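Asker: My structure is in protein_13.cif, and what it holds is mmCIF, C-alpha atoms and all ligand atoms:
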data_start
#
loop_
_atom_site.label_atom_id
_atom_site.label_comp_id
_atom_site.auth_asym_id
_atom_site.auth_seq_id
_atom_site.Cartn_x
_atom_site.Cartn_y
_atom_site.Cartn_z
CA MET A 75 56.66 93.71 68.65
CA ASN A 76 59.66 91.69 67.48
CA ILE A 77 58.59 88.19 66.47
CA LEU A 78 60.89 85.29 65.62
CA ILE A 79 59.52 82.77 63.14
CA THR A 80 61.74 79.72 62.71
CA GLY A 81 61.63 77.59 59.55
CA GLY A 82 59.99 80.42 57.64
CA ALA A 83 61.59 79.44 54.33
CA GLY A 84 59.91 76.03 54.40
CA PHE A 85 56.47 74.98 53.23
CA ILE A 86 54.16 76.01 56.09
CA GLY A 87 56.58 78.58 57.50
CA SER A 88 56.60 80.62 54.29
CA HIS A 89 52.79 80.91 54.39
CA VAL A 90 52.95 81.96 58.05
CA VAL A 91 55.68 84.53 57.38
CA ARG A 92 53.73 86.03 54.47
CA ARG A 93 50.56 86.24 56.55
CA PHE A 94 52.25 87.95 59.50
CA VAL A 95 54.38 90.35 57.43
CA THR A 96 51.36 91.38 55.35
CA ASN A 97 48.63 91.50 57.98
CA TYR A 98 50.59 92.97 60.87
CA PRO A 99 52.66 95.98 59.77
CA GLY A 100 53.13 96.82 63.48
CA TYR A 101 55.12 93.62 64.02
CA TYR A 102 58.71 93.15 62.98
CA ILE A 103 59.18 89.61 61.66
CA TYR A 104 62.56 87.86 61.83
CA ASN A 105 62.63 84.65 59.81
CA LEU A 106 65.37 82.31 61.06
CA ASP A 107 66.05 79.38 58.75
CA ALA A 108 69.08 77.18 58.06
CA LEU A 109 68.03 76.74 54.40
CA THR A 110 68.33 72.97 54.42
CA TYR A 111 67.15 71.12 51.29
CA ALA A 112 63.58 72.03 52.41
CA GLY A 113 64.18 75.77 52.87
CA ASN A 114 63.76 77.98 49.83
CA LEU A 115 63.87 81.77 49.72
CA GLU A 116 61.98 81.63 46.40
CA ASN A 117 58.94 80.93 48.58
CA LEU A 118 59.12 84.47 49.95
CA ARG A 119 60.14 86.64 46.97
CA ASP A 120 56.95 88.71 47.26
CA VAL A 121 57.64 89.83 50.85
CA GLU A 122 61.44 89.90 51.01
CA ASP A 123 61.60 93.70 50.65
CA ALA A 124 58.84 94.46 53.16
CA PRO A 125 59.93 97.07 55.73
CA ASN A 126 58.92 94.85 58.67
CA TYR A 127 60.82 91.72 57.57
CA THR A 128 64.35 90.35 57.88
CA PHE A 129 65.68 86.94 56.90
CA ILE A 130 68.44 85.43 59.03
CA LYS A 131 70.28 82.33 57.88
CA GLY A 132 71.19 80.19 60.88
CA ASP A 133 70.91 76.86 62.63
CA ILE A 134 68.76 76.44 65.75
CA VAL A 135 71.08 73.64 66.87
CA ASP A 136 73.77 76.27 67.52
CA ALA A 137 72.93 77.43 71.06
CA ASN A 138 75.40 80.36 71.12
CA PHE A 139 74.00 81.69 67.89
CA VAL A 140 70.41 81.34 69.10
CA ASN A 141 71.21 83.07 72.40
CA SER A 142 72.94 85.95 70.63
CA LEU A 143 69.88 86.48 68.42
CA PHE A 144 67.55 86.66 71.41
CA ASP A 145 69.97 89.07 73.14
CA LYS A 146 70.12 91.30 70.10
CA HIS A 147 66.48 91.43 69.04
CA LYS A 148 64.67 90.88 72.36
CA PHE A 149 61.92 88.81 70.76
CA GLU A 150 58.53 89.05 72.42
CA GLY A 151 56.99 86.20 70.48
CA VAL A 152 58.38 83.02 68.93
CA ILE A 153 56.55 80.90 66.35
CA HIS A 154 58.62 77.76 66.01
CA LEU A 155 58.23 75.76 62.80
CA ALA A 156 61.83 74.82 61.94
CA ALA A 157 62.12 71.06 61.80
CA GLU A 158 63.17 68.04 59.86
CA SER A 159 59.71 67.10 58.63
CA HIS A 160 59.79 64.03 56.38
CA VAL A 161 59.02 60.61 57.91
CA ASP A 162 60.96 58.66 55.24
CA ARG A 163 64.11 60.70 55.85
CA SER A 164 63.75 60.10 59.61
CA ILE A 165 63.93 56.37 58.94
CA THR A 166 67.27 56.71 57.13
CA ASP A 167 68.79 59.43 59.37
CA PRO A 168 67.12 59.63 62.81
CA LEU A 169 69.91 61.72 64.39
CA ALA A 170 69.26 64.67 62.09
CA PHE A 171 65.75 64.71 63.62
CA VAL A 172 67.09 64.50 67.16
CA ARG A 173 69.39 67.43 66.48
CA THR A 174 66.97 69.88 64.90
CA ASN A 175 63.65 68.81 66.38
CA ILE A 176 64.76 68.15 69.95
CA ILE A 177 68.05 69.97 70.58
CA GLY A 178 67.05 72.90 68.35
CA THR A 179 63.74 73.27 70.19
CA VAL A 180 65.42 73.12 73.61
CA ASN A 181 67.92 75.79 72.51
CA LEU A 182 65.03 78.10 71.60
CA LEU A 183 63.23 77.30 74.87
CA ASN A 184 66.36 78.11 76.89
CA ALA A 185 66.86 81.41 75.08
CA ALA A 186 63.21 82.44 75.56
CA ARG A 187 63.20 81.38 79.22
CA ASP A 188 66.36 83.40 79.93
CA LEU A 189 65.21 86.50 78.05
CA TRP A 190 61.75 86.50 79.63
CA LYS A 191 62.71 85.43 83.15
CA ASP A 192 62.02 88.81 84.80
CA ASN A 193 58.93 89.68 82.80
CA ALA A 194 56.97 87.10 80.88
CA ASP A 195 53.89 89.34 80.48
CA SER A 196 52.53 89.33 76.93
CA LYS A 197 55.31 87.00 75.77
CA ARG A 198 54.48 83.83 73.87
CA PHE A 199 56.39 80.74 72.71
CA TYR A 200 54.30 78.98 70.07
CA HIS A 201 55.41 75.47 69.20
CA ILE A 202 54.04 73.98 65.96
CA SER A 203 53.63 70.23 66.13
CA THR A 204 51.97 67.34 64.38
CA ASP A 205 49.15 64.85 64.88
CA GLU A 206 51.72 62.07 64.30
CA VAL A 207 52.73 62.27 67.99
CA TYR A 208 49.47 60.46 68.83
CA GLY A 209 50.46 57.40 66.82
CA SER A 210 47.99 55.47 64.70
CA LEU A 211 44.20 55.18 64.82
CA GLY A 212 42.22 52.08 63.85
CA ALA A 213 39.13 52.38 61.68
CA GLU A 214 37.26 54.41 64.32
CA GLY A 215 37.93 57.42 66.55
CA LEU A 216 39.68 60.78 66.38
CA PHE A 217 42.74 62.31 68.03
CA THR A 218 41.76 64.82 70.73
CA GLU A 219 44.02 67.06 72.82
CA THR A 220 43.96 64.43 75.59
CA THR A 221 44.88 61.42 73.43
CA SER A 222 48.06 59.79 74.82
CA TYR A 223 51.26 60.23 72.89
CA ASP A 224 52.32 57.05 71.06
CA PRO A 225 54.79 58.00 68.30
CA ASN A 226 55.89 55.30 65.85
CA SER A 227 58.51 56.91 63.58
CA PRO A 228 61.78 58.65 64.47
CA TYR A 229 60.17 61.85 63.11
CA SER A 230 57.10 61.61 65.33
CA ALA A 231 59.22 60.52 68.32
CA SER A 232 61.38 63.63 67.90
CA LYS A 233 58.30 65.89 67.60
CA ALA A 234 56.71 64.19 70.65
CA SER A 235 59.90 64.81 72.60
CA SER A 236 59.95 68.48 71.60
CA ASP A 237 56.29 68.84 72.67
CA HIS A 238 57.14 67.36 76.08
CA PHE A 239 60.02 69.81 76.49
CA VAL A 240 57.72 72.74 75.69
CA ARG A 241 55.17 71.61 78.29
CA ALA A 242 57.94 70.92 80.81
CA TYR A 243 59.32 74.46 80.38
CA GLY A 244 55.79 75.78 80.99
CA GLU A 245 55.51 73.80 84.23
CA THR A 246 59.08 74.16 85.48
CA TYR A 247 59.99 77.70 84.47
CA GLY A 248 56.55 79.24 83.89
CA LEU A 249 57.38 79.76 80.21
CA PRO A 250 54.27 81.15 78.45
CA TYR A 251 53.59 78.72 75.62
CA VAL A 252 50.90 77.48 73.28
CA LEU A 253 51.14 74.28 71.24
CA THR A 254 49.22 72.98 68.25
CA ASN A 255 49.13 69.53 66.66
CA CYS A 256 48.05 69.66 63.05
CA SER A 257 47.14 67.06 60.44
CA ASN A 258 48.64 66.70 56.92
CA ASN A 259 48.99 70.01 55.07
CA TYR A 260 48.98 70.45 51.31
CA GLY A 261 49.23 73.49 49.04
CA PRO A 262 51.67 75.71 47.13
CA ASN A 263 55.40 75.53 47.96
CA HIS A 264 55.20 71.97 49.30
CA PHE A 265 58.50 70.18 48.71
CA PRO A 266 58.00 67.26 46.27
CA GLU A 267 59.10 64.55 48.69
CA LYS A 268 55.63 64.46 50.32
CA LEU A 269 52.74 62.54 48.72
CA ILE A 270 50.75 65.27 46.94
CA PRO A 271 53.55 67.39 45.42
CA LEU A 272 55.64 64.30 44.60
CA PHE A 273 52.74 62.78 42.68
CA ILE A 274 51.89 66.09 40.92
CA ASN A 275 55.50 66.32 39.77
CA ASN A 276 55.59 62.67 38.66
CA ILE A 277 52.32 63.02 36.74
CA ILE A 278 53.71 66.07 34.92
CA GLU A 279 56.83 64.04 34.07
CA ASN A 280 54.93 60.82 33.27
CA LYS A 281 56.85 58.97 35.97
CA PRO A 282 55.47 56.08 38.12
CA LEU A 283 53.34 57.00 41.16
CA PRO A 284 54.77 54.86 44.02
CA VAL A 285 51.91 54.02 46.40
CA TYR A 286 53.20 52.44 49.63
CA GLY A 287 51.73 49.08 50.64
CA ASP A 288 48.08 48.57 49.70
CA GLY A 289 47.32 52.32 49.59
CA LYS A 290 44.66 51.96 52.30
CA TYR A 291 46.40 54.33 54.72
CA THR A 292 44.31 57.33 55.72
CA ARG A 293 45.30 60.94 56.29
CA ASP A 294 43.29 64.06 57.20
CA TRP A 295 44.25 66.80 54.71
CA LEU A 296 44.23 70.56 55.38
CA PHE A 297 45.01 73.41 52.98
CA VAL A 298 48.16 75.18 54.17
CA GLU A 299 46.57 78.66 54.21
CA ASP A 300 43.99 77.34 56.65
CA HIS A 301 46.78 76.12 58.91
CA ALA A 302 48.38 79.57 58.70
CA LEU A 303 45.03 81.13 59.68
CA ALA A 304 44.78 78.79 62.66
CA ILE A 305 48.34 79.68 63.71
CA ASP A 306 47.44 83.39 63.56
CA LEU A 307 44.37 82.80 65.78
CA VAL A 308 46.18 80.63 68.32
CA PHE A 309 49.13 83.03 68.51
CA HIS A 310 46.81 85.95 69.27
CA LYS A 311 43.90 84.35 71.11
CA GLY A 312 44.96 80.89 72.30
CA LYS A 313 45.04 80.36 76.06
CA ASN A 314 48.41 80.18 77.76
CA HIS A 315 49.69 76.60 78.38
CA GLU A 316 47.01 75.11 76.13
CA THR A 317 47.16 72.65 73.26
CA TYR A 318 44.87 72.83 70.24
CA ASN A 319 44.39 70.18 67.58
CA ILE A 320 44.03 71.43 64.00
CA GLY A 321 42.62 69.27 61.20
CA GLY A 322 40.77 69.37 57.93
CA PHE A 323 37.69 67.25 58.77
CA ASN A 324 38.83 65.65 55.54
CA GLU A 325 39.94 62.02 55.63
CA TRP A 326 41.15 60.25 52.50
CA GLN A 327 42.60 56.83 51.88
CA ASN A 328 45.82 57.37 49.92
CA ILE A 329 44.67 55.40 46.90
CA ASP A 330 41.40 57.36 46.59
CA LEU A 331 43.26 60.63 46.92
CA VAL A 332 45.80 59.57 44.29
CA LYS A 333 43.01 58.61 41.87
CA LEU A 334 41.28 61.98 42.40
CA LEU A 335 44.60 63.74 41.81
CA CYS A 336 45.12 61.71 38.61
CA ASP A 337 41.67 62.73 37.32
CA LEU A 338 42.20 66.42 38.07
CA MET A 339 45.67 66.38 36.52
CA ASP A 340 44.38 64.68 33.36
CA LYS A 341 41.81 67.47 32.99
CA LYS A 342 44.35 70.24 33.63
CA LEU A 343 46.93 68.75 31.28
CA GLY A 344 44.38 67.96 28.57
CA ARG A 345 45.17 64.25 28.76
CA ASP A 346 42.59 61.47 28.24
CA LYS A 347 40.78 60.37 31.40
CA GLY A 348 42.65 57.41 32.91
CA THR A 349 46.07 58.38 31.53
CA SER A 350 47.66 59.31 34.88
CA GLU A 351 46.03 56.43 36.80
CA LYS A 352 48.06 54.04 34.63
CA LEU A 353 51.18 55.45 36.31
CA ILE A 354 50.16 54.05 39.73
CA ILE A 355 52.44 51.30 41.04
CA TYR A 356 52.32 49.62 44.45
CA VAL A 357 55.72 49.59 46.15
CA LYS A 358 57.25 48.26 49.38
CA ASP A 359 55.58 49.73 52.44
CA ARG A 360 57.08 52.35 54.75
CA PRO A 361 58.29 50.60 57.95
CA GLY A 362 56.17 51.51 60.99
CA HIS A 363 53.57 53.05 58.67
CA ASP A 364 50.71 54.60 60.70
CA LEU A 365 47.37 53.32 59.43
CA ARG A 366 45.16 56.33 60.04
CA TYR A 367 45.31 59.91 61.34
CA ALA A 368 42.18 61.96 61.98
CA ILE A 369 41.81 65.07 64.09
CA ASP A 370 38.97 66.21 66.31
CA ALA A 371 39.33 69.98 65.83
CA SER A 372 36.27 70.91 67.89
CA LYS A 373 38.26 72.70 70.62
CA ILE A 374 39.85 75.28 68.30
CA ASN A 375 36.52 75.56 66.48
CA LYS A 376 34.50 76.25 69.66
CA GLU A 377 37.06 78.38 71.52
CA LEU A 378 38.60 80.38 68.68
CA GLY A 379 36.01 80.07 65.91
CA TRP A 380 38.46 78.45 63.47
CA LYS A 381 37.37 76.18 60.65
CA PRO A 382 38.83 75.39 57.23
CA SER A 383 37.87 78.03 54.65
CA VAL A 384 38.25 75.96 51.49
CA THR A 385 36.92 72.54 50.53
CA PHE A 386 39.39 69.83 49.55
CA GLU A 387 38.33 70.07 45.91
CA GLN A 388 38.99 73.85 45.92
CA GLY A 389 42.30 73.48 47.75
CA LEU A 390 43.53 70.72 45.49
CA GLU A 391 42.65 72.70 42.39
CA LEU A 392 44.46 75.79 43.76
CA THR A 393 47.45 73.58 44.52
CA ILE A 394 47.58 71.94 41.09
CA ASP A 395 47.19 75.35 39.38
CA TRP A 396 50.06 76.70 41.46
CA TYR A 397 52.40 73.86 40.48
CA LEU A 398 51.45 74.12 36.82
CA SER A 399 52.13 77.84 36.76
CA ASN A 400 55.37 77.61 38.78
CA GLU A 401 57.34 75.22 36.63
CA GLU A 402 60.56 77.09 37.35
CA TRP A 403 60.14 76.59 41.12
CA LEU A 404 59.50 72.90 40.58
CA LYS A 405 62.45 72.57 38.20
CA ASN A 406 64.79 74.28 40.66
CA VAL A 407 63.84 72.13 43.65
CA THR A 408 63.93 68.86 41.69
CA SER A 409 67.39 69.34 40.22
CA GLY A 410 70.70 68.45 41.91
CA ASP A 411 70.38 66.70 45.30
CA TYR A 412 66.74 65.83 44.70
CA GLN A 413 67.67 63.39 41.94
CA ALA A 414 70.03 61.52 44.26
CA TYR A 415 67.35 61.47 46.98
CA TYR A 416 64.80 60.08 44.54
CA GLU A 417 67.16 57.36 43.31
CA LYS A 418 67.99 56.33 46.85
CA MET A 419 64.37 56.23 48.09
CA TYR A 420 62.53 54.84 45.08
CA ASN A 421 64.90 52.88 42.86
P1 LIG B 1 59.54 71.89 55.80
O1 LIG B 1 60.45 70.70 55.85
O2 LIG B 1 58.92 72.28 54.52
O3 LIG B 1 60.32 73.17 56.35
C1 LIG B 1 61.17 73.13 57.46
C2 LIG B 1 62.02 74.39 57.45
O4 LIG B 1 62.87 74.35 58.62
C3 LIG B 1 62.92 74.51 56.23
O5 LIG B 1 62.85 75.82 55.71
C4 LIG B 1 64.31 74.22 56.78
O6 LIG B 1 65.35 74.90 56.08
C5 LIG B 1 64.19 74.72 58.20
N1 LIG B 1 65.14 74.04 59.11
C6 LIG B 1 65.38 72.70 59.19
N2 LIG B 1 66.36 72.48 60.10
C7 LIG B 1 66.70 73.68 60.62
C8 LIG B 1 67.64 74.08 61.61
N3 LIG B 1 68.41 73.19 62.26
N4 LIG B 1 67.72 75.42 61.91
C9 LIG B 1 66.93 76.32 61.26
N5 LIG B 1 66.06 75.99 60.30
C10 LIG B 1 65.93 74.68 59.99
O7 LIG B 1 58.45 71.60 56.93
P2 LIG B 1 56.89 71.96 56.96
O8 LIG B 1 56.15 70.87 56.32
O9 LIG B 1 56.71 73.36 56.54
O10 LIG B 1 56.63 71.84 58.54
C11 LIG B 1 56.84 72.96 59.39
C12 LIG B 1 56.51 72.55 60.81
O11 LIG B 1 55.15 72.12 60.87
C13 LIG B 1 57.34 71.39 61.33
O12 LIG B 1 57.62 71.63 62.67
C14 LIG B 1 56.44 70.18 61.17
O13 LIG B 1 56.75 69.20 62.12
C15 LIG B 1 55.08 70.81 61.43
N6 LIG B 1 53.94 70.15 60.77
C16 LIG B 1 53.97 69.88 59.43
C17 LIG B 1 52.86 69.32 58.82
C18 LIG B 1 52.82 69.02 57.34
O14 LIG B 1 51.87 68.37 56.87
N7 LIG B 1 53.79 69.47 56.55
C19 LIG B 1 51.72 69.02 59.59
C20 LIG B 1 51.75 69.30 60.96
C21 LIG B 1 52.86 69.88 61.54
O1 LIG B 2 50.20 64.32 59.84
C1 LIG B 2 51.06 65.42 59.78
C2 LIG B 2 52.34 65.01 59.09
O2 LIG B 2 52.02 64.83 57.71
C3 LIG B 2 53.46 66.02 59.23
O3 LIG B 2 53.82 66.11 60.59
C4 LIG B 2 54.68 65.60 58.42
O4 LIG B 2 55.68 66.60 58.48
C5 LIG B 2 54.25 65.43 56.97
O5 LIG B 2 55.34 64.96 56.21
C6 LIG B 2 53.08 64.44 56.87
O6 LIG B 2 53.50 63.09 57.19
P1 LIG B 2 53.01 61.83 56.32
O7 LIG B 2 53.97 60.74 56.50
O8 LIG B 2 51.57 61.54 56.57
O9 LIG B 2 53.11 62.50 54.84
P2 LIG B 2 53.65 61.93 53.45
O10 LIG B 2 53.26 62.92 52.41
O11 LIG B 2 55.07 61.50 53.52
O12 LIG B 2 52.77 60.62 53.24
C7 LIG B 2 51.35 60.67 53.18
C8 LIG B 2 50.83 59.26 52.97
O13 LIG B 2 51.21 58.83 51.65
C9 LIG B 2 51.44 58.24 53.91
O14 LIG B 2 50.47 57.25 54.23
C10 LIG B 2 52.57 57.61 53.11
C11 LIG B 2 52.04 57.67 51.68
N1 LIG B 2 53.06 57.81 50.62
C12 LIG B 2 53.97 58.82 50.72
C13 LIG B 2 54.95 58.99 49.76
C14 LIG B 2 55.97 60.10 49.90
C15 LIG B 2 53.05 56.95 49.52
O15 LIG B 2 52.20 56.04 49.42
N2 LIG B 2 54.04 57.11 48.56
C16 LIG B 2 54.98 58.07 48.65
O16 LIG B 2 55.86 58.15 47.75
#
Please re-express this file's structure in structure tokens.
Answerer:
Amino acid sequence: MNILITGGAGFIGSHVVRRFVTNYPGYYIYNLDALTYAGNLENLRDVEDAPNYTFIKGDIVDANFVNSLFDKHKFEGVIHLAAESHVDRSITDPLAFVRTNIIGTVNLLNAARDLWKDNADSKRFYHISTDEVYGSLGAEGLFTETTSYDPNSPYSASKASSDHFVRAYGETYGLPYVLTNCSNNYGPNHFPEKLIPLFINNIIENKPLPVYGDGKYTRDWLFVEDHALAIDLVFHKGKNHETYNIGGFNEWQNIDLVKLLCDLMDKKLGRDKGTSEKLIIYVKDRPGHDLRYAIDASKINKELGWKPSVTFEQGLELTIDWYLSNEEWLKNVTSGDYQAYYEKMYN
């Protein structure tokens, strides 16, 4: 079975690629990635020579290129993760999100529809999406699979649009698809523009920890390997044309999470308790900042038996240990363009 994984050099994609290459020697995995600032082949050094794996550098926005790949490799499954994924960047450059997240997704849908038009049996287009499409919760309630879409950022609007296209291709062309909406991931290989890896890196470097607004925003955190496990289950056992929500049952207000991270980092770095907390500063809020995300993951739990395998404390410790023992990785991704990004966003 030839499977196309898009965005496999990114954070979540690299964990999915590793899992599929390692656990399914009968599959041939093609990893298509444009290697934007977020894509990093260092993430996949341990599997790059596997006999059932090929990396292809390319842009999903290029329809001719995408079509030629489908023609050549006759993919039977697609797991689509490639995206522009950072909310703050979507505020400064929305069109980049329209291009990759919407046009790129539609290019893949067209190619799959055309290739599978005469025989869609045992084919599967799996679209990976986010809980951010549901907008913001108040103090109560959870996002379910039937919560209305209400995106607030250019990022979530582009992901919501791509979700609608996937469903529409299912209805209009009978494209066999599954779709998942997941909460905030954390773990190894996370690019240090997102809260947890950015703050780990800043604590190591004794730099300020910029908490947006009053820090009372809430996110539901899931260890990335548990997301990869859920993706494996949904790809193999999820029902055609169904959506599943994936979440960590693990809500944290940003400020509490940051304080926990500071404590753990002080211990790991042998610093006095309270040292890293002194780095916290409150900065201007993100425009359109969603107050709270929280997922009701009971459907995937009941139907597919999925639940997170590690606690937040375990996952966070694994994550911190990974960053502390992969200094080179961190150094490489925070040199060059990253410095300019940081200046622009935070200074
Ligand atoms: P990421 O930014 O770390 O990785 C994205 C990857 O896509 C990178 O390797 C990048 O090079 C590649 N890419 C970007 N534009 C491309 C293009 N035009 N053509 C080909 N490749 C391109 O993102 P991530 O955090 O790993 O997220 C992966 C997917 O999961 C995204 O679709 C995202 O919306 C979704 N998601 C992420 C989270 C999270 O917390 N990170 C949660 C839920 C859903
Ligand atoms: O919910 C799933 C989504 O989670 C994914 O779809 C996105 O791809 C992913 O980036 C993430 O979005 P968030 O906006 O929730 O993640 P981020 O790490 O950017 O921010 C988490 C919270 O921390 C949010 O409330 C904003 C806040 N924050 C973030 C940064 C980068 C800060 O207070 N300071 C910061 O410097």
Asker: List all protein, DNA and RNA residues that have an atom no more than 9 Å from any atom of ligand LIG 2 (chain B), counting all atoms listed in the file, and report them as a VMD selection string.
Answerer: chain A and resid 157 to 162 203 to 207 229 to 230 233 255 to 260 266 to 273 283 to 295 327 to 329 332 356 to 357 359 to 360 363 to 368 419 to 420
Asker: Identify which of the residues A:Ser88, A:Gln388, A:Asn421, A:Ser372 lies closest to ligand LIG 1 (chain B), counting only C-alpha atoms and all ligand atoms when measuring atom-to-atom distances.
Answerer: A:Ser88
Asker: Take the point (58.4, 80.9, 67.9) as written in the file and pick out every residue within 7 Å of it, counting all atoms listed in the file; give the list as an MDAnalysis selection string.
Answerer: chainID A and resid 78:80 151:154 199:201
Asker: Please provide as an MDAnalysis selection string all residues within 12 Å of Tyr243 (chain A), with the sequence filter that same-chain residues fewer than 4 positions apart are discarded (counting only C-alpha atoms).
Answerer: chainID A and resid 179:188 191 199 201 236:239 247:252 315
Asker: Rank A:Asp306, A:Asp133, A:Asp192, A:Asp123 by their smallest atom-to-atom distance to ligand LIG 1 (chain B), using all atoms listed in the file, and report the top residue only.
Answerer: A:Asp133
Asker: Taking only C-alpha atoms into account, name the residue in A:Phe265, A:Trp403, A:Phe297, A:Tyr127 that is nearest to Glu391 (chain A).
Answerer: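 Counting only C-alpha atoms, the residue closest to Glu391 (chain A) is A:Phe297.
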Asker: Report, in Å to a single decimal, how far apart atom C12 of ligand LIG 1 (chain B) and CA of Ile130 (chain A) are.
Answerer: 17.6 Å
Asker: Counting all atoms listed in the file, which of A:Leu169, A:Leu155, A:Ile176, A:Ile86 gets nearest to Val135 (chain A)?
Answerer: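 Under the stated criterion, the closest residue is A:Ile176.
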Asker: What's the 10 Å shell around Leu404 (chain A), counting all atoms listed in the file, without same-chain residues fewer than 3 positions away, as a PyMOL selection string?
Answerer: chain A and resi 263-266+271+275+397-401+407-409
Asker: What's the separation between CA of Gly81 (chain A) and CA of Asn375 (chain A), in Å to one decimal place?
Answerer: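 That distance, rounded to one decimal, is 26.1 Å.
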Asker: Hey, which of A:His147, A:Lys352, A:Lys131, A:Arg92 ends up closest to ligand LIG 1 (chain B)? Count only C-alpha atoms and all ligand atoms.
Answerer: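 Nearest candidate to ligand LIG 1 (chain B) out of A:His147, A:Lys352, A:Lys131, A:Arg92: A:Lys131.
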